[in-house]
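**Q** Got a structure for you, written out below as structure tokens; questions coming shortly.
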Amino acid sequence: DTAVSQTPKYLVTQMGNDKSIKCEQNLGHDTMYWYKQDSKKFLKIMFSYNNKELIINETVPNRFSPKSPDKAHLNLHINSLELGDSAVYFCASSRAGGENTEAFFGQGTRLTVV
Amino acid sequence: AQKITQTQPGMFVQEKEAVTLDCTYDTSDPSYGLFWYKQPSSGEMIFLIYQGSYDQQNATEGRYSLNFQKARKSANLVISASQLGDSAMYFCAMREGGGATNKLIFGTGTLLAVQP
């Protein structure tokens with residue numbers, strides 16, 4: 001039983017295409033996130049949703065559009081893909097609130113734009 | 001300003017020895033949490049250990065312990081009796097208090113290699 005699952009695991013696509021990454025969590029968490037891990041392994045938050053509402057948008061280009069149909073799902077749609085979008089994208093979830101809530105991560109989606 | 005600093009890009013340790021991975025943080029919030037995650041070569045992010053800013057004792061989880069020095073703003077991870085399977089990237093992270101808008105902020109990571 002995977003707690004946070006994201007699909008696909010690998011995604012290779014051409015510049016200019018539009019693609020989506022799906023994420024689902026079965027932990028009953030209220031908060032979900034998207035993180036981007038670049039080629040130097042740095043992890044940076046992109047978005048955070050709490051109960052389907054956008055809470056954090058870390059100055060991500062508007063080609064990236066998250067969608068949360070319900071609190072168990074947070075999908076990431078990317079328009080007009082660019083070479084610089086190549087990275088590993090992680091979905092995560094946590095309980096809402098406090099400083100003591102760890103985040104549980106999906107297995108990551110390695111996006112390669114050619 | 002960098003909130004989480006990991007100054008060791010890479011570390012080597014002999015199997016069965018202990019190793020300390022450094023992490024310093026910067027916050028003015030009195031309420032915060034510190035976390036360590038492991039990322040093996042397979043790519044997944046595995047939560048290891050948590051330390052709260054108000055915790056009086058250092059956190060321990062099996063072979064992992066956190067050397068929390070609040071005045072120095074450091075939260076070093078100690079792995080005892082290293083195993084080959086400990087070879088991975090290790091990330092220190094912090095979450096400040098404050099409700100739904102708080103987020104996990106990560107350091108740049110330390111790549112640990114355990115040698116037989």
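Ligands are numbered from 1 in the order shown, residues from 1 within each chain, and chains are lettered A, B, ... in the order they appear in the structure tokens.
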Might you pull out every residue within 8 Å of segment 6-23 of chain A, with only C-alpha atoms counted and same-chain residues fewer than 5 positions away left off, and present them as a PDB file with C-alpha atoms, in the first residue's frame?

**A**
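The resulting result-v6.pdb:
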ATOM      1  CA  HIS A  73      -4.936  14.306  -5.141  1.00  0.00           C
ATOM      2  CA  LEU A  74      -2.613  17.018  -6.368  1.00  0.00           C
ATOM      3  CA  ASN A  75      -1.696  16.912 -10.033  1.00  0.00           C
ATOM      4  CA  LEU A  76       0.877  19.062 -11.775  1.00  0.00           C
ATOM      5  CA  HIS A  77       0.347  20.215 -15.319  1.00  0.00           C
ATOM      6  CA  ILE A  78       3.183  21.837 -17.230  1.00  0.00           C
ATOM      7  CA  ASN A  79       2.631  23.765 -20.461  1.00  0.00           C
ATOM      8  CA  SER A  80       5.171  24.554 -23.150  1.00  0.00           C
ATOM      9  CA  LEU A  81       7.943  22.529 -21.595  1.00  0.00           C
ATOM     10  CA  GLU A  82      11.449  23.992 -21.651  1.00  0.00           C
ATOM     11  CA  LEU A  83      14.859  22.349 -21.347  1.00  0.00           C
ATOM     12  CA  CYS A  91       4.887  15.097  -4.566  1.00  0.00           C
ATOM     13  CA  GLY A 106       6.265  10.019  -3.454  1.00  0.00           C
ATOM     14  CA  GLN A 107       8.938   8.192  -5.391  1.00  0.00           C
ATOM     15  CA  GLY A 108       9.545  11.140  -7.712  1.00  0.00           C
ATOM     16  CA  THR A 109       9.022  11.727 -11.424  1.00  0.00           C
ATOM     17  CA  ARG A 110      12.142  12.219 -13.484  1.00  0.00           C
ATOM     18  CA  LEU A 111      11.224  14.642 -16.248  1.00  0.00           C
ATOM     19  CA  THR A 112      13.604  14.968 -19.172  1.00  0.00           C
ATOM     20  CA  VAL A 113      12.901  17.596 -21.797  1.00  0.00           C
ATOM     21  CA  VAL A 114      14.786  17.148 -25.059  1.00  0.00           C
TER      22      VAL A 114
END

**Q** Pull out every residue of chain A that has at least one atom within 10 Å of chain B, counting only C-alpha atoms, and report them as JSON, numbers by chain.

**A** {"A": [30, 31, 33, 35, 40, 41, 42, 43, 44, 45, 47, 48, 49, 50, 51, 54, 55, 56, 88, 90, 92, 94, 95, 96, 97, 98, 99, 100, 101, 102, 103, 104, 105, 106, 107, 108, 109, 110]}

**Q** What does the distance from atom CA of Pro9 of chain B to atom CA of Phe68 of chain B come to in Å, to one decimal?

**A**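 Computing the Euclidean distance for atom CA of Pro9 of chain B and atom CA of Phe68 of chain B yields 20.5 Å.
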
**Q** Do a neighbour search on Ala71 of chain B at 12 Å with only C-alpha atoms, toss out local chain neighbours closer than 6 positions, and write the hits as number ranges by chain.

**A** B: 24-27, 30, 53

**Q** Which one is closest to Trp34 of chain A: A:Asp85, A:Glu58, A:Asp70, A:Arg63? Count only C-alpha atoms.

**A**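 Checking each candidate against Trp34 of chain A, we get A:Glu58 as the closest.
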
**Q** List as a list in words the protein and nucleic acid residues near Gln25 of chain A, meaning an atom at most 6 Å away when only C-alpha atoms are counted, but skip any in the same chain fewer than 6 places from it.

**A**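 Non-adjacent residues within range: Ala3, Val4 and Ala72 of chain A.
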
**Q** Identify all residues of chain B in strand (DSSP E) (DSSP on the backbone) and supply them as a tab-separated table (two decimals) with N, CA and C atoms, in the first residue's frame.

**A**
chain	number	residue	atom	x	y	z
B	4	ILE	N	18.93	26.66	5.93
B	4	ILE	CA	19.51	25.38	6.33
B	4	ILE	C	20.83	25.23	5.61
B	5	THR	N	21.88	24.97	6.37
B	5	THR	CA	23.21	24.86	5.79
B	5	THR	C	23.82	23.50	6.11
B	10	GLY	N	30.25	15.91	0.72
B	10	GLY	CA	30.45	14.48	0.69
B	10	GLY	C	31.21	14.01	1.91
B	11	MET	N	30.90	12.79	2.32
B	11	MET	CA	31.59	12.19	3.49
B	11	MET	C	31.86	10.73	3.20
B	12	PHE	N	33.00	10.24	3.75
B	12	PHE	CA	33.29	8.81	3.71
B	12	PHE	C	33.30	8.29	5.14
B	13	VAL	N	32.87	7.05	5.30
B	13	VAL	CA	32.96	6.42	6.61
B	13	VAL	C	33.20	4.92	6.39
B	14	GLN	N	33.96	4.34	7.29
B	14	GLN	CA	34.17	2.89	7.22
B	14	GLN	C	32.96	2.19	7.82
B	19	VAL	N	29.28	8.09	12.15
B	19	VAL	CA	29.54	9.29	11.33
B	19	VAL	C	28.57	10.38	11.74
B	20	THR	N	29.05	11.61	11.68
B	20	THR	CA	28.21	12.77	12.00
B	20	THR	C	28.06	13.65	10.77
B	21	LEU	N	26.82	13.93	10.42
B	21	LEU	CA	26.53	14.82	9.29
B	21	LEU	C	26.04	16.15	9.86
B	24	THR	N	23.33	23.21	10.18
B	24	THR	CA	23.01	24.39	10.96
B	24	THR	C	21.81	25.08	10.33
B	25	TYR	N	21.08	25.81	11.13
B	25	TYR	CA	19.86	26.42	10.65
B	25	TYR	C	19.74	27.85	11.16
B	32	TYR	N	9.88	25.55	15.98
B	32	TYR	CA	10.28	24.98	14.69
B	32	TYR	C	10.60	23.50	14.87
B	33	GLY	N	10.65	22.81	13.77
B	33	GLY	CA	10.99	21.40	13.78
B	33	GLY	C	12.13	21.14	12.81
B	34	LEU	N	12.96	20.21	13.16
B	34	LEU	CA	14.12	19.84	12.33
B	34	LEU	C	13.98	18.38	11.93
B	35	PHE	N	14.28	18.09	10.69
B	35	PHE	CA	14.06	16.77	10.14
B	35	PHE	C	15.30	16.34	9.35
B	36	TRP	N	15.49	15.02	9.31
B	36	TRP	CA	16.51	14.47	8.42
B	36	TRP	C	15.83	13.46	7.50
B	37	TYR	N	16.22	13.55	6.23
B	37	TYR	CA	15.73	12.61	5.23
B	37	TYR	C	16.92	11.94	4.55
B	38	LYS	N	16.67	10.71	4.12
B	38	LYS	CA	17.69	9.95	3.38
B	38	LYS	C	17.18	9.75	1.95
B	39	GLN	N	18.05	9.98	0.99
B	39	GLN	CA	17.70	9.71	-0.41
B	39	GLN	C	18.73	8.75	-0.99
B	46	ILE	N	13.25	9.33	2.22
B	46	ILE	CA	12.85	8.54	3.37
B	46	ILE	C	13.05	9.38	4.63
B	47	PHE	N	11.99	9.58	5.38
B	47	PHE	CA	12.07	10.33	6.63
B	47	PHE	C	12.82	9.49	7.67
B	48	LEU	N	13.78	10.12	8.36
B	48	LEU	CA	14.58	9.40	9.34
B	48	LEU	C	14.26	9.79	10.78
B	49	ILE	N	14.27	11.09	11.06
B	49	ILE	CA	14.23	11.51	12.46
B	49	ILE	C	13.77	12.95	12.55
B	50	TYR	N	13.12	13.28	13.67
B	50	TYR	CA	12.58	14.62	13.91
B	50	TYR	C	13.01	15.13	15.28
B	51	GLN	N	13.29	16.44	15.34
B	51	GLN	CA	13.60	17.10	16.61
B	51	GLN	C	12.81	18.40	16.68
B	52	GLY	N	12.06	18.57	17.76
B	52	GLY	CA	11.30	19.80	17.95
B	52	GLY	C	12.12	20.81	18.73
B	60	THR	N	16.21	10.16	19.10
B	60	THR	CA	16.91	8.95	18.65
B	60	THR	C	15.90	8.04	17.95
B	61	GLU	N	16.38	7.38	16.89
B	61	GLU	CA	15.58	6.40	16.17
B	61	GLU	C	16.51	5.30	15.72
B	64	TYR	N	20.02	6.03	14.37
B	64	TYR	CA	20.09	7.47	14.11
B	64	TYR	C	19.85	8.26	15.39
B	65	SER	N	20.65	9.26	15.61
B	65	SER	CA	20.38	10.19	16.70
B	65	SER	C	20.69	11.59	16.21
B	66	LEU	N	20.05	12.54	16.85
B	66	LEU	CA	20.19	13.92	16.44
B	66	LEU	C	20.89	14.66	17.58
B	67	ASN	N	22.01	15.25	17.28
B	67	ASN	CA	22.75	16.05	18.26
B	67	ASN	C	22.28	17.49	18.13
B	68	PHE	N	21.30	17.84	18.97
B	68	PHE	CA	20.63	19.14	18.88
B	68	PHE	C	21.28	20.11	19.84
B	69	GLN	N	21.87	21.17	19.29
B	69	GLN	CA	22.47	22.21	20.11
B	69	GLN	C	21.79	23.53	19.75
B	74	SER	N	22.38	24.16	15.73
B	74	SER	CA	22.85	23.03	14.94
B	74	SER	C	22.04	21.79	15.28
B	75	ALA	N	21.89	20.93	14.30
B	75	ALA	CA	21.10	19.70	14.43
B	75	ALA	C	21.79	18.61	13.64
B	76	ASN	N	22.89	18.14	14.15
B	76	ASN	CA	23.69	17.17	13.42
B	76	ASN	C	23.12	15.77	13.54
B	77	LEU	N	23.19	15.02	12.47
B	77	LEU	CA	22.72	13.64	12.45
B	77	LEU	C	23.90	12.72	12.74
B	78	VAL	N	23.71	11.82	13.68
B	78	VAL	CA	24.74	10.84	13.98
B	78	VAL	C	24.22	9.47	13.59
B	79	ILE	N	24.96	8.80	12.75
B	79	ILE	CA	24.63	7.42	12.38
B	79	ILE	C	25.66	6.52	13.04
B	88	ALA	N	24.10	7.04	0.80
B	88	ALA	CA	22.96	7.78	0.26
B	88	ALA	C	23.23	9.28	0.42
B	89	MET	N	22.29	10.06	-0.10
B	89	MET	CA	22.29	11.50	0.12
B	89	MET	C	21.43	11.76	1.35
B	90	TYR	N	21.89	12.65	2.23
B	90	TYR	CA	21.16	12.96	3.44
B	90	TYR	C	20.83	14.45	3.46
B	91	PHE	N	19.56	14.73	3.71
B	91	PHE	CA	19.09	16.11	3.72
B	91	PHE	C	18.58	16.49	5.10
B	92	CYS	N	19.02	17.64	5.55
B	92	CYS	CA	18.48	18.26	6.75
B	92	CYS	C	17.38	19.22	6.30
B	93	ALA	N	16.31	19.32	7.07
B	93	ALA	CA	15.21	20.20	6.70
B	93	ALA	C	14.62	20.84	7.95
B	94	MET	N	13.96	21.95	7.75
B	94	MET	CA	13.34	22.67	8.86
B	94	MET	C	11.93	23.11	8.48
B	95	ARG	N	11.07	23.03	9.46
B	95	ARG	CA	9.73	23.59	9.28
B	95	ARG	C	9.50	24.53	10.44
B	96	GLU	N	9.15	25.78	10.12
B	96	GLU	CA	8.86	26.75	11.17
B	96	GLU	C	7.39	26.67	11.52
B	104	LEU	N	8.47	22.70	4.48
B	104	LEU	CA	9.77	22.11	4.74
B	104	LEU	C	10.80	22.78	3.84
B	105	ILE	N	11.84	23.32	4.47
B	105	ILE	CA	12.93	23.93	3.71
B	105	ILE	C	14.14	23.01	3.88
B	106	PHE	N	14.76	22.69	2.74
B	106	PHE	CA	15.84	21.71	2.76
B	106	PHE	C	17.21	22.35	2.62
B	110	THR	N	24.16	16.09	1.97
B	110	THR	CA	25.49	15.50	2.13
B	110	THR	C	25.46	14.10	1.56
B	111	LEU	N	26.36	13.81	0.67
B	111	LEU	CA	26.45	12.48	0.08
B	111	LEU	C	27.38	11.62	0.93
B	112	LEU	N	26.81	10.59	1.53
B	112	LEU	CA	27.58	9.70	2.40
B	112	LEU	C	27.93	8.42	1.66
B	113	ALA	N	29.19	8.06	1.72
B	113	ALA	CA	29.64	6.79	1.13
B	113	ALA	C	30.21	5.94	2.26
B	114	VAL	N	29.65	4.76	2.43
B	114	VAL	CA	30.13	3.82	3.45
B	114	VAL	C	31.04	2.81	2.76
B	115	GLN	N	32.26	2.73	3.26
B	115	GLN	CA	33.25	1.86	2.63
B	115	GLN	C	33.40	0.56	3.41

**Q** In Å, rounded to a single decimal, give me how far atom CA of Gly62 of chain B is from atom CA of Lys16 of chain B.

**A** 14.4 Å

**Q** Give the helix (DSSP H, G or I) residues of chain B, as DSSP finds them on the backbone, and put them as JSON, numbers by chain.

**A** {"B": [84, 85, 86, 99, 100, 101]}
